[in-house]
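S.K.: One file: entry.txt (compact mmCIF, C-alpha atoms).
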```txt
# COMPACT_ATOMS: atom_id res chain seq x y z
CA MET A 1 19.16 1.10 24.99
CA ALA A 2 17.60 0.23 21.64
CA ALA A 3 19.69 0.88 18.54
CA LYS A 4 18.94 3.99 16.51
CA GLU A 5 16.40 3.23 13.77
CA ARG A 6 16.39 4.39 10.19
CA LEU A 7 14.25 7.42 9.49
CA PHE A 8 12.66 5.69 6.50
CA GLY A 9 10.37 2.76 7.29
CA THR A 10 8.93 0.21 4.88
CA ASP A 11 6.85 2.91 3.20
CA GLY A 12 8.59 6.25 3.58
CA ILE A 13 8.70 8.50 6.64
CA ARG A 14 5.71 8.54 8.99
CA GLY A 15 4.77 10.18 12.25
CA VAL A 16 2.17 12.26 14.02
CA ALA A 17 1.72 15.41 11.94
CA ASN A 18 2.89 18.61 13.64
CA VAL A 19 4.38 16.56 16.49
CA ASP A 20 6.87 14.13 14.96
CA LEU A 21 6.36 15.16 11.36
CA THR A 22 6.55 18.94 11.75
CA PRO A 23 6.55 21.54 8.96
CA GLU A 24 10.15 22.35 9.85
CA PHE A 25 11.14 18.72 9.45
CA ALA A 26 9.12 18.37 6.21
CA PHE A 27 10.96 21.42 4.87
CA SER A 28 14.29 19.70 5.59
CA VAL A 29 13.10 16.47 3.98
CA GLY A 30 12.03 18.41 0.89
CA ARG A 31 15.46 20.05 0.66
CA ALA A 32 17.38 16.83 1.12
CA GLY A 33 15.13 14.81 -1.17
CA ALA A 34 15.36 17.38 -3.95
CA ALA A 35 19.12 17.64 -3.59
CA VAL A 36 19.54 13.86 -3.97
CA LEU A 37 16.81 12.98 -6.48
CA ALA A 38 17.17 15.92 -8.84
CA SER A 39 20.93 16.37 -8.67
CA SER A 40 21.62 14.62 -11.98
CA SER A 41 18.70 16.02 -13.97
CA ASP A 42 18.06 19.28 -15.80
CA ARG A 43 17.37 22.07 -13.33
CA HIS A 44 13.86 22.68 -14.59
CA ARG A 45 12.68 19.07 -14.57
CA PRO A 46 10.22 19.43 -11.68
CA ILE A 47 9.39 17.27 -8.71
CA VAL A 48 5.72 16.21 -8.63
CA VAL A 49 4.01 16.57 -5.23
CA GLY A 50 0.66 14.95 -4.39
CA ARG A 51 -1.25 14.23 -1.18
CA ASP A 52 -4.23 12.45 0.29
CA THR A 53 -7.13 14.15 2.11
CA ARG A 54 -5.58 14.41 5.59
CA LEU A 55 -6.08 17.75 7.31
CA SER A 56 -2.33 18.11 7.76
CA GLY A 57 -1.69 17.53 4.05
CA PRO A 58 -1.73 21.17 2.84
CA MET A 59 0.52 22.21 5.73
CA LEU A 60 3.13 19.57 4.95
CA GLU A 61 2.77 20.12 1.20
CA ALA A 62 3.65 23.79 1.63
CA ALA A 63 6.69 22.90 3.73
CA ILE A 64 7.97 20.22 1.34
CA VAL A 65 7.50 22.46 -1.69
CA ALA A 66 9.36 25.24 0.11
CA GLY A 67 12.20 22.82 0.77
CA ILE A 68 12.31 21.69 -2.86
CA THR A 69 12.36 25.20 -4.27
CA SER A 70 14.90 26.40 -1.69
CA VAL A 71 17.59 24.24 -3.31
CA GLY A 72 16.75 25.58 -6.75
CA ARG A 73 14.45 22.82 -8.00
CA ASP A 74 11.00 23.37 -9.47
CA ALA A 75 7.89 21.72 -8.03
CA VAL A 76 4.49 20.82 -9.50
CA THR A 77 1.63 20.27 -7.07
CA VAL A 78 -1.12 17.95 -8.32
CA GLY A 79 -3.49 18.04 -5.33
CA VAL A 80 -5.38 15.09 -3.85
CA LEU A 81 -4.89 11.90 -5.81
CA PRO A 82 -3.89 8.24 -5.26
CA THR A 83 -0.27 7.33 -4.59
CA PRO A 84 0.03 5.36 -7.86
CA ALA A 85 -1.16 8.45 -9.74
CA VAL A 86 1.88 10.37 -8.46
CA ALA A 87 4.11 7.60 -9.79
CA ALA A 88 2.30 7.58 -13.15
CA ILE A 89 2.40 11.37 -13.52
CA THR A 90 6.10 11.43 -12.60
CA VAL A 91 6.89 9.04 -15.45
CA ARG A 92 4.48 10.45 -18.03
CA THR A 93 5.65 14.06 -17.58
CA GLY A 94 9.36 13.25 -17.42
CA ALA A 95 9.63 14.70 -13.91
CA ALA A 96 12.82 14.42 -11.87
CA ALA A 97 11.00 12.69 -8.99
CA GLY A 98 7.67 12.37 -7.20
CA VAL A 99 6.57 12.91 -3.61
CA MET A 100 3.38 11.60 -1.99
CA ILE A 101 2.22 13.04 1.32
CA SER A 102 0.20 10.32 3.04
CA ALA A 103 0.23 7.90 5.94
CA SER A 104 -1.78 5.36 3.94
CA HIS A 105 -3.90 3.27 6.34
CA ASN A 106 -2.62 4.98 9.51
CA PRO A 107 -4.89 6.99 11.86
CA ILE A 108 -6.03 10.57 11.13
CA ALA A 109 -3.33 12.24 13.22
CA ASP A 110 -0.49 10.60 11.28
CA ASN A 111 0.99 11.66 8.00
CA GLY A 112 3.94 10.59 5.91
CA ILE A 113 6.30 11.37 3.05
CA LYS A 114 7.23 8.86 0.37
CA PHE A 115 9.40 9.45 -2.70
CA PHE A 116 9.41 8.05 -6.21
CA GLY A 117 12.32 8.16 -8.61
CA PRO A 118 11.93 9.39 -12.21
CA ASP A 119 11.10 5.81 -13.23
CA GLY A 120 8.06 5.77 -10.93
CA PHE A 121 9.55 3.24 -8.52
CA LYS A 122 9.99 3.75 -4.80
CA LEU A 123 13.52 4.50 -3.69
CA SER A 124 16.16 1.97 -2.77
CA ASP A 125 17.48 1.80 0.78
CA ALA A 126 20.74 3.31 -0.46
CA THR A 127 19.01 6.38 -1.92
CA GLU A 128 16.92 6.83 1.19
CA ASP A 129 20.11 6.68 3.24
CA GLN A 130 21.59 9.46 1.09
CA ILE A 131 18.58 11.65 1.84
CA GLU A 132 18.78 10.85 5.53
CA ALA A 133 22.48 11.70 5.61
CA LEU A 134 21.80 15.10 4.03
CA LEU A 135 19.20 15.86 6.69
CA HIS A 136 22.06 16.01 9.17
CA SER A 137 24.29 18.20 6.99
CA ALA A 138 22.16 21.13 5.88
CA ASP A 139 25.23 23.28 5.20
CA ASP A 140 26.16 20.97 2.30
CA GLN A 141 23.01 21.90 0.36
CA PRO A 142 22.77 24.88 -2.03
CA ARG A 143 21.08 28.17 -1.15
CA PRO A 144 20.38 29.81 -4.52
CA SER A 145 18.92 33.29 -4.81
CA ALA A 146 17.29 35.59 -7.37
CA ALA A 147 16.43 33.77 -10.62
CA ASP A 148 18.00 30.54 -9.39
CA VAL A 149 15.32 29.87 -6.76
CA GLY A 150 12.94 27.08 -7.78
CA VAL A 151 9.37 27.86 -8.80
CA THR A 152 6.08 26.11 -8.04
CA LYS A 153 3.17 25.45 -10.37
CA ASN A 154 -0.25 23.91 -9.66
CA ALA A 155 -1.32 21.35 -12.26
CA LEU A 156 -4.45 19.59 -11.09
CA ASN A 157 -5.21 18.46 -14.66
CA LEU A 158 -2.32 15.98 -14.73
CA GLY A 159 -4.62 13.32 -13.29
CA LYS A 160 -5.62 12.66 -16.91
CA TYR A 161 -2.51 10.55 -17.28
CA TYR A 162 -3.63 8.30 -14.45
CA TYR A 163 -7.08 7.87 -15.94
CA GLU A 164 -5.42 6.71 -19.16
CA GLU A 165 -3.53 4.09 -17.12
CA LEU A 166 -6.77 2.91 -15.51
CA TYR A 167 -8.63 2.48 -18.79
CA ALA A 168 -5.83 0.67 -20.64
CA GLY A 169 -6.76 -2.97 -21.26
CA ALA A 170 -10.03 -2.72 -19.31
CA GLU A 171 -13.23 -4.49 -20.26
CA SER A 172 -16.65 -2.88 -20.35
CA LEU A 173 -18.08 -3.28 -16.85
CA LYS A 174 -21.66 -2.74 -17.98
CA GLY A 175 -23.95 -5.01 -15.99
CA LEU A 176 -21.85 -4.90 -12.81
CA THR A 177 -23.01 -2.94 -9.78
CA ILE A 178 -20.01 -1.83 -7.72
CA VAL A 179 -20.06 -0.29 -4.26
CA VAL A 180 -16.99 1.91 -3.75
CA ASP A 181 -15.67 2.73 -0.28
CA ALA A 182 -12.87 5.30 -0.63
CA ALA A 183 -12.22 5.63 3.13
CA TYR A 184 -12.62 9.42 2.77
CA GLY A 185 -9.21 9.26 1.14
CA ALA A 186 -7.32 9.84 -2.07
CA ALA A 187 -9.54 7.66 -4.30
CA TYR A 188 -12.75 9.48 -3.38
CA ALA A 189 -13.15 11.00 -6.86
CA TYR A 190 -10.92 8.89 -9.11
CA ALA A 191 -12.26 5.40 -8.45
CA PRO A 192 -16.01 6.06 -8.77
CA TYR A 193 -15.48 8.15 -11.91
CA ALA A 194 -13.28 5.55 -13.61
CA LEU A 195 -15.61 2.65 -12.85
CA ARG A 196 -18.63 4.60 -14.13
CA LYS A 197 -16.71 5.55 -17.24
CA LEU A 198 -16.16 1.83 -17.87
CA GLY A 199 -19.92 1.19 -17.67
CA ALA A 200 -20.49 -0.03 -14.12
CA THR A 201 -23.35 1.15 -11.93
CA VAL A 202 -21.56 2.69 -8.95
CA HIS A 203 -22.79 3.28 -5.41
CA GLU A 204 -20.51 5.47 -3.30
CA ILE A 205 -19.91 5.26 0.43
CA ASN A 206 -17.29 7.30 2.26
CA CYS A 207 -16.38 8.98 -1.02
CA GLU A 208 -15.91 12.52 0.23
CA ASP A 209 -12.86 14.72 0.59
CA ASP A 210 -12.91 14.58 4.40
CA GLY A 211 -9.55 14.15 6.06
CA SER A 212 -11.18 14.30 9.50
CA ARG A 213 -12.66 10.83 8.87
CA ILE A 214 -9.99 9.16 6.73
CA ASN A 215 -9.74 5.41 7.55
CA VAL A 216 -12.20 5.73 10.46
CA GLU A 217 -14.30 2.53 10.52
CA CYS A 218 -14.28 2.40 6.75
CA GLY A 219 -12.19 1.55 3.71
CA ALA A 220 -9.69 -1.27 3.50
CA THR A 221 -9.04 -1.18 7.25
CA ASP A 222 -12.69 -1.90 8.12
CA LEU A 223 -14.87 -3.63 5.54
CA ARG A 224 -18.06 -3.83 7.61
CA ALA A 225 -19.74 -0.81 6.01
CA LEU A 226 -18.94 -2.12 2.54
CA GLN A 227 -20.31 -5.56 3.38
CA ARG A 228 -23.52 -4.03 4.76
CA ARG A 229 -24.11 -1.98 1.61
CA VAL A 230 -23.42 -4.92 -0.73
CA ASN A 231 -25.81 -7.10 1.28
CA GLU A 232 -28.49 -4.37 1.31
CA LEU A 233 -28.37 -4.03 -2.46
CA ARG A 234 -28.39 -7.80 -2.97
CA ASN A 235 -31.35 -8.24 -0.61
CA ALA A 236 -33.18 -5.48 -2.49
CA GLY A 237 -32.88 -7.52 -5.69
CA THR A 238 -29.76 -6.03 -7.31
CA GLU A 239 -27.87 -8.65 -9.30
CA ARG A 240 -24.10 -8.92 -9.80
CA VAL A 241 -23.30 -6.51 -6.96
CA VAL A 242 -19.74 -6.43 -5.60
CA GLY A 243 -17.69 -3.99 -3.56
CA VAL A 244 -14.22 -2.49 -3.40
CA ALA A 245 -12.56 -0.62 -0.53
CA PHE A 246 -9.39 1.47 -0.66
CA ASP A 247 -7.05 2.67 2.04
CA GLY A 248 -6.22 6.34 2.61
CA ASP A 249 -3.81 6.75 -0.29
CA ALA A 250 -5.43 4.09 -2.52
CA ASP A 251 -2.31 2.04 -3.14
CA ARG A 252 -4.22 -1.04 -2.05
CA ALA A 253 -7.72 -2.45 -2.39
CA LEU A 254 -9.81 -5.18 -0.79
CA PHE A 255 -13.08 -6.56 -2.12
CA VAL A 256 -16.47 -7.96 -1.15
CA ASP A 257 -18.03 -10.56 -3.43
CA GLU A 258 -21.67 -11.13 -4.40
CA THR A 259 -22.37 -13.08 -1.20
CA GLY A 260 -20.93 -10.40 1.08
CA ALA A 261 -17.74 -12.39 1.70
CA ILE A 262 -14.35 -10.65 1.83
CA CYS A 263 -11.78 -11.16 -0.91
CA ASN A 264 -8.34 -10.10 0.27
CA GLY A 265 -5.08 -9.72 -1.61
CA ASP A 266 -4.49 -13.46 -1.66
CA HIS A 267 -7.77 -14.03 -3.51
CA VAL A 268 -6.93 -11.23 -5.94
CA MET A 269 -3.44 -12.61 -6.61
CA LEU A 270 -4.88 -16.07 -7.31
CA ILE A 271 -7.50 -14.78 -9.75
CA LEU A 272 -5.21 -12.44 -11.67
CA ALA A 273 -2.24 -14.82 -11.65
CA ARG A 274 -4.37 -17.63 -13.10
CA GLU A 275 -5.48 -15.33 -15.89
CA LEU A 276 -1.94 -14.11 -16.64
CA HIS A 277 -0.70 -17.71 -16.61
CA ALA A 278 -3.42 -18.85 -19.01
CA GLN A 279 -2.45 -16.00 -21.34
CA GLY A 280 1.24 -16.93 -21.17
CA GLU A 281 2.10 -13.59 -19.57
CA LEU A 282 3.17 -14.72 -16.08
CA THR A 283 6.95 -14.54 -16.27
CA GLY A 284 8.64 -17.59 -14.78
CA ASP A 285 5.23 -19.02 -13.82
CA THR A 286 5.87 -17.25 -10.53
CA VAL A 287 4.02 -14.94 -8.15
CA VAL A 288 5.85 -12.97 -5.46
CA GLY A 289 3.88 -12.75 -2.23
CA THR A 290 5.02 -12.18 1.33
CA VAL A 291 5.57 -14.20 4.47
CA MET A 292 1.96 -13.26 5.34
CA SER A 293 0.50 -14.90 2.22
CA ASN A 294 -1.81 -17.72 3.29
CA LEU A 295 -0.79 -21.35 2.82
CA GLY A 296 -4.03 -21.77 0.91
CA LEU A 297 -2.76 -19.39 -1.77
CA GLU A 298 0.45 -21.35 -2.17
CA LYS A 299 -1.47 -24.62 -2.60
CA ALA A 300 -3.99 -23.11 -5.04
CA LEU A 301 -1.25 -21.59 -7.20
CA ASN A 302 0.74 -24.83 -7.17
CA ALA A 303 -2.30 -26.64 -8.56
CA HIS A 304 -1.96 -24.46 -11.66
CA GLY A 305 1.79 -24.92 -11.99
CA ILE A 306 2.52 -21.53 -10.45
CA THR A 307 5.23 -21.00 -7.83
CA LEU A 308 4.76 -18.65 -4.88
CA LEU A 309 7.87 -16.86 -3.60
CA ARG A 310 7.72 -15.03 -0.28
CA ALA A 311 9.29 -11.64 0.38
CA ALA A 312 9.38 -9.70 3.64
CA VAL A 313 6.20 -7.76 4.49
CA GLY A 314 5.99 -4.48 2.61
CA ASP A 315 5.21 -3.87 -1.03
CA ARG A 316 8.70 -2.41 -1.55
CA TYR A 317 10.19 -5.80 -0.69
CA VAL A 318 7.76 -7.59 -2.99
CA LEU A 319 8.77 -5.22 -5.76
CA GLU A 320 12.46 -5.69 -4.98
CA MET A 321 12.16 -9.47 -5.32
CA MET A 322 10.12 -9.10 -8.50
CA ARG A 323 12.69 -6.85 -10.15
CA GLU A 324 15.64 -8.98 -9.05
CA GLY A 325 14.02 -12.15 -10.43
CA GLY A 326 12.47 -10.62 -13.53
CA TYR A 327 8.93 -11.44 -12.37
CA VAL A 328 5.95 -9.32 -13.40
CA PHE A 329 3.30 -10.04 -10.78
CA GLY A 330 3.10 -10.00 -7.00
CA GLY A 331 1.42 -8.49 -4.01
CA GLU A 332 0.36 -8.65 -0.41
CA GLN A 333 -2.57 -10.13 1.47
CA SER A 334 -3.36 -6.57 2.62
CA GLY A 335 -4.27 -5.58 -0.93
CA HIS A 336 -1.10 -4.14 -2.46
CA ILE A 337 -1.04 -5.67 -5.94
CA ILE A 338 1.81 -4.95 -8.36
CA ASN A 339 1.69 -5.84 -12.04
CA LEU A 340 4.81 -4.50 -13.73
CA ARG A 341 3.06 -4.72 -17.08
CA ASN A 342 0.79 -1.89 -15.85
CA ASN A 343 2.30 -0.04 -12.90
CA THR A 344 5.35 0.49 -10.70
CA THR A 345 3.74 0.40 -7.27
CA GLY A 346 0.69 -0.89 -5.44
CA ASP A 347 -2.36 0.49 -7.24
CA GLY A 348 -5.81 0.06 -5.71
CA PRO A 349 -7.96 1.54 -8.50
CA LYS A 350 -6.02 -0.30 -11.22
CA THR A 351 -6.37 -3.54 -9.23
CA ALA A 352 -10.12 -2.97 -9.05
CA VAL A 353 -10.36 -2.40 -12.80
CA ALA A 354 -8.22 -5.49 -13.49
CA LEU A 355 -10.19 -7.74 -11.13
CA PHE A 356 -13.61 -6.65 -12.35
CA SER A 357 -12.41 -7.00 -15.95
CA ALA A 358 -11.30 -10.56 -15.13
CA VAL A 359 -14.76 -11.27 -13.73
CA VAL A 360 -16.37 -10.03 -16.95
CA ARG A 361 -13.99 -12.02 -19.18
CA SER A 362 -14.55 -15.22 -17.19
CA GLY A 363 -18.34 -15.09 -17.34
CA LYS A 364 -18.31 -16.15 -13.68
CA THR A 365 -18.98 -14.34 -10.43
CA LEU A 366 -16.24 -12.97 -8.20
CA HIS A 367 -17.34 -15.47 -5.57
CA GLU A 368 -16.86 -18.36 -8.01
CA LEU A 369 -13.41 -17.14 -9.06
CA ALA A 370 -12.26 -16.72 -5.46
CA SER A 371 -13.68 -20.00 -4.14
CA GLU A 372 -10.66 -22.07 -5.16
CA LEU A 373 -8.65 -20.51 -2.35
CA ALA A 374 -9.11 -22.63 0.79
CA VAL A 375 -7.97 -20.26 3.53
CA TYR A 376 -6.01 -21.72 6.43
CA PRO A 377 -6.92 -20.22 9.83
CA GLN A 378 -4.57 -17.28 10.37
CA ILE A 379 -4.57 -15.24 13.56
CA LEU A 380 -2.83 -11.86 13.67
CA LEU A 381 -2.43 -9.99 16.96
CA ASN A 382 -0.71 -6.65 17.53
CA VAL A 383 1.35 -5.80 20.60
CA ARG A 384 1.73 -2.05 20.98
CA THR A 385 5.34 -1.26 21.84
CA ASN A 386 8.29 0.50 20.28
CA ARG A 387 10.75 -1.88 21.97
CA LYS A 388 11.57 -4.18 19.08
CA ASP A 389 14.50 -5.53 21.09
CA VAL A 390 12.01 -7.46 23.22
CA LEU A 391 12.22 -10.18 20.57
CA GLU A 392 15.87 -10.75 21.53
CA MET A 393 15.07 -11.53 25.16
CA PRO A 394 15.97 -15.19 25.97
CA GLU A 395 12.55 -16.08 27.38
CA ILE A 396 10.79 -14.71 24.29
CA ARG A 397 13.15 -16.51 21.93
CA ARG A 398 12.47 -19.77 23.78
CA ALA A 399 8.70 -19.27 23.60
CA ILE A 400 8.91 -18.59 19.86
CA HIS A 401 11.08 -21.66 19.31
CA ASP A 402 8.62 -23.89 21.18
CA VAL A 403 5.67 -22.76 19.07
CA GLU A 404 7.64 -23.19 15.85
CA GLU A 405 8.49 -26.74 16.89
CA ASN A 406 4.85 -27.54 17.64
CA LEU A 407 3.70 -26.15 14.28
CA THR A 408 6.19 -28.13 12.18
CA GLY A 409 4.39 -29.63 9.20
CA THR A 410 0.99 -28.14 10.08
CA GLY A 411 1.42 -24.37 10.10
CA ARG A 412 3.61 -21.28 10.34
CA LEU A 413 4.62 -18.65 12.88
CA LEU A 414 5.67 -15.12 11.98
CA ILE A 415 6.60 -12.44 14.50
CA ARG A 416 7.79 -9.09 13.16
CA PRO A 417 7.95 -5.43 14.11
CA SER A 418 5.71 -3.20 12.01
CA GLY A 419 7.55 -0.95 9.60
CA THR A 420 4.94 1.80 9.86
CA GLU A 421 3.61 1.75 13.45
CA PRO A 422 4.97 1.07 16.98
CA LEU A 423 3.69 -2.49 16.94
CA ILE A 424 4.99 -6.04 17.03
CA ARG A 425 2.78 -8.29 14.92
CA VAL A 426 2.22 -11.91 15.92
CA MET A 427 0.86 -14.17 13.18
CA VAL A 428 0.10 -17.85 13.68
CA GLU A 429 -1.32 -19.98 10.86
CA GLY A 430 -2.28 -23.63 10.81
CA ASP A 431 -4.90 -26.27 10.17
CA ASP A 432 -6.46 -26.10 13.68
CA ARG A 433 -8.06 -22.77 14.54
CA THR A 434 -8.36 -23.43 18.28
CA ARG A 435 -4.69 -24.30 18.59
CA VAL A 436 -3.62 -21.39 16.38
CA GLU A 437 -5.61 -18.90 18.46
CA ALA A 438 -4.14 -20.26 21.71
CA TYR A 439 -0.56 -19.96 20.43
CA ALA A 440 -1.16 -16.42 19.18
CA ARG A 441 -2.72 -15.19 22.43
CA ASP A 442 -0.01 -16.80 24.55
CA LEU A 443 2.88 -15.34 22.53
CA ALA A 444 1.30 -11.88 22.31
CA GLY A 445 0.77 -11.87 26.07
CA ARG A 446 4.34 -12.92 26.77
CA ILE A 447 5.74 -10.24 24.44
CA GLU A 448 3.54 -7.54 25.98
CA GLN A 449 4.64 -8.45 29.52
CA ALA A 450 8.31 -8.65 28.56
CA ALA A 451 8.20 -5.31 26.72
CA ALA A 452 6.75 -3.64 29.82
CA THR A 453 9.88 -4.58 31.76
CA LEU A 454 12.02 -2.67 29.23
CA MET A 455 10.19 0.63 29.57
```
Please render this file's structure as structure tokens.
M.R.:
Amino acid sequence: MAAKERLFGTDGIRGVANVDLTPEFAFSVGRAGAAVLASSSDRHRPIVVGRDTRLSGPMLEAAIVAGITSVGRDAVTVGVLPTPAVAAITVRTGAAAGVMISASHNPIADNGIKFFGPDGFKLSDATEDQIEALLHSADDQPRPSAADVGVTKNALNLGKYYYEELYAGAESLKGLTIVVDAAYGAAYAYAPYALRKLGATVHEINCEDDGSRINVECGATDLRALQRRVNELRNAGTERVVGVAFDGDADRALFVDETGAICNGDHVMLILARELHAQGELTGDTVVGTVMSNLGLEKALNAHGITLLRAAVGDRYVLEMMREGGYVFGGEQSGHIINLRNNTTGDGPKTAVALFSAVVRSGKTLHELASELAVYPQILLNVRTNRKDVLEMPEIRRAIHDVEENLTGTGRLLIRPSGTEPLIRVMVEGDDRTRVEAYARDLAGRIEQAAATLM
């Protein structure tokens, strides 16, 4: 039997809304989270609660807020807004904590709960464990009554603090045409408005408050619609046209350059790290990426005297390594970019503003800035299973060892369970695409067959 897993994954608690993540469970999470995160603060310092556009969002919001107020803490609901906006509002208003209700890039049916501390950072494993422990000991939590019950206020105007964060240090984007794909998610209003305010001509696709279509063949999980629109505008004679796509909660962003080519998080890290380094603002001449960061990024950064460190996959682990080492900049290939000079978590809209500002300052195109990154072939396959223990089976360990031996000096192999979905991810990277693809398919097939025997 597989060992019991932690309730909190790499990015909060996730599950199918109203099946795994029920209102009753969300109520308990709200109670436990409020009891832990607000225990040392003034009673009336509220907990900020935001959400993305998912249909289950209002249901879970009501349950979480009920849980928060049931232990005597106040709550402030801020409506639909990006995850990094919840972190920014938490800090700017002096709140006791923040909660974001979102399953990020996951399918429509899923939802999730993630917490921020009063400093705007995601919680440590130890704090999450405290919350999880309280979930199993409800009798240890207070049950105030009368005037001691917490109260709830709606404050949809607090998004102004996030807009201030977006505009800080930005260049005028006049002359750029930007296609924005918000994935029918949390950035649907914020990103287009901010980019227009900075002077860009903005074309919107999938920028509606429609939780029934969030992440469906759009946004950062599927860039084809964005590429088509950029190419249509370019072919119609529009100059300097680029695109940006967000995921459901807008904590990450991916881009399309003037030629219709994709710029992922590795390209973004290279461009912004070079600029920070040239300005003398890249602490330790170091960027923190992940084990998924392409070898091409490492080589391109090294050419500029910049070191790439690799954390485990998940922006929380990137942030952890950054804070431990005193570094200011890092991110993931998937588009989570963290600049501790500006924010405390992955921030898609801020990344877009920073990247397009860098394009303007350079006098070059996005395509020209990204072209230094020579991408090594990298194949990623997903095996759908919740049996992570399959990786401990002797025949699978032998197969992994053999591929690692064959890739020595020419590539990398990474096999890991997803922290957010019931998947095992198989990544093979190297200088020979045909060989890389063959290794990836073979290993994925072996893992799938072995996992079936454990069911």
S.K.: I'd like to know which of A:Thr344, A:Thr22, A:Gln333, A:Gln141 is closest to Pro84 in chain A, using all atoms listed in the file.
M.R.: A:Thr344
S.K.: Select, from A:Asp251, A:Glu258, A:Glu298, A:Asp431, the residue with the minimum atom-to-atom distance to Ala273 in chain A, counting all atoms listed in the file.
M.R.: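 Counting all atoms listed in the file, the residue closest to Ala273 in chain A is A:Glu298.
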S.K.: Quick one, how far is CA of Ser334 in chain A from CA of Gly265 in chain A?
M.R.: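 CA of Gly265 in chain A lies 5.5 Å from CA of Ser334 in chain A.
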S.K.: What does the structure give for the distance between CA of Glu324 in chain A and CA of Lys299 in chain A, in Å to one decimal?
M.R.: 24.1 Å
S.K.: When you look at Leu223 in chain A with a cut-off of 12 Å (counting all atoms listed in the file), what residues show up, excluding the ones that are within fewer than 2 positions of it in the same chain? I need them as an mmCIF file with C-alpha atoms, in the coordinates of the input.
M.R.:
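Contents of part01.cif, freshly written:
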```cif
data_model
loop_
_atom_site.group_PDB
_atom_site.id
_atom_site.type_symbol
_atom_site.label_atom_id
_atom_site.label_comp_id
_atom_site.auth_asym_id
_atom_site.auth_seq_id
_atom_site.Cartn_x
_atom_site.Cartn_y
_atom_site.Cartn_z
ATOM 1 C CA VAL A 179 -20.060 -0.290 -4.260
ATOM 2 C CA VAL A 180 -16.990 1.910 -3.750
ATOM 3 C CA ASP A 181 -15.670 2.730 -0.280
ATOM 4 C CA ALA A 182 -12.870 5.300 -0.630
ATOM 5 C CA ALA A 183 -12.220 5.630 3.130
ATOM 6 C CA ILE A 205 -19.910 5.260 0.430
ATOM 7 C CA ASN A 206 -17.290 7.300 2.260
ATOM 8 C CA ASN A 215 -9.740 5.410 7.550
ATOM 9 C CA VAL A 216 -12.200 5.730 10.460
ATOM 10 C CA GLU A 217 -14.300 2.530 10.520
ATOM 11 C CA CYS A 218 -14.280 2.400 6.750
ATOM 12 C CA GLY A 219 -12.190 1.550 3.710
ATOM 13 C CA ALA A 220 -9.690 -1.270 3.500
ATOM 14 C CA THR A 221 -9.040 -1.180 7.250
ATOM 15 C CA ALA A 225 -19.740 -0.810 6.010
ATOM 16 C CA LEU A 226 -18.940 -2.120 2.540
ATOM 17 C CA GLN A 227 -20.310 -5.560 3.380
ATOM 18 C CA ARG A 228 -23.520 -4.030 4.760
ATOM 19 C CA ARG A 229 -24.110 -1.980 1.610
ATOM 20 C CA VAL A 230 -23.420 -4.920 -0.730
ATOM 21 C CA GLY A 243 -17.690 -3.990 -3.560
ATOM 22 C CA VAL A 244 -14.220 -2.490 -3.400
ATOM 23 C CA ALA A 245 -12.560 -0.620 -0.530
ATOM 24 C CA PHE A 246 -9.390 1.470 -0.660
ATOM 25 C CA ASP A 247 -7.050 2.670 2.040
ATOM 26 C CA ALA A 253 -7.720 -2.450 -2.390
ATOM 27 C CA LEU A 254 -9.810 -5.180 -0.790
ATOM 28 C CA PHE A 255 -13.080 -6.560 -2.120
ATOM 29 C CA VAL A 256 -16.470 -7.960 -1.150
ATOM 30 C CA ASP A 257 -18.030 -10.560 -3.430
ATOM 31 C CA GLY A 260 -20.930 -10.400 1.080
ATOM 32 C CA ALA A 261 -17.740 -12.390 1.700
ATOM 33 C CA ILE A 262 -14.350 -10.650 1.830
ATOM 34 C CA CYS A 263 -11.780 -11.160 -0.910
ATOM 35 C CA ASN A 264 -8.340 -10.100 0.270
#
```
S.K.: Which one is closest to Thr53 in chain A: A:Leu319, A:Val36, A:Ala186, A:Val78? Count all atoms listed in the file.
M.R.: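 Among the listed residues, the smallest separation from Thr53 in chain A belongs to A:Ala186.
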S.K.: Which distance in Å separates CA of Asp442 in chain A and CA of Arg384 in chain A, to one decimal?
M.R.: 15.3 Å
S.K.: Which polymer residues, protein or nucleic acid, are no farther than 12 Å from (-5.0, -13.6, -9.1), counting all atoms listed in the file, as a PyMOL selection string?
M.R.: chain A and resi 263-278+282+286-289+297-298+300-301+304+306+308+329-333+335+337-339+351-352+354-356+358-359+366+369-373
S.K.: Using all atoms listed in the file, find the one residue out of A:Ser357, A:Ser39, A:Thr408, A:Asn302 that sits nearest to Pro142 in chain A.
M.R.: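 Once distances to Pro142 in chain A are computed over all atoms listed in the file, the minimum belongs to A:Ser39.
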S.K.: May I ask which of the residues A:Asp389, A:Glu204, A:Asp110, A:Glu128 is the closest one to Ala189 in chain A, counting only C-alpha atoms?
M.R.: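 Once distances to Ala189 in chain A are computed over only C-alpha atoms, the minimum belongs to A:Glu204.
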S.K.: Which residue is closest to Ser28 in chain A? Choose from A:Arg45, A:His136, A:Lys122, A:Arg6 and count only C-alpha atoms.
M.R.: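 Looking only at the distances to Ser28 in chain A, the closest residue turns out to be A:His136.
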S.K.: Identify the residues around (2.7, -30.1, 9.2) within a radius of 12 Å, measuring from all atoms listed in the file in the coordinates stated by the file, and give them as JSON, numbers by chain.
M.R.: {"A": [295, 404, 405, 406, 407, 408, 409, 410, 411, 412, 429, 430, 431, 432]}
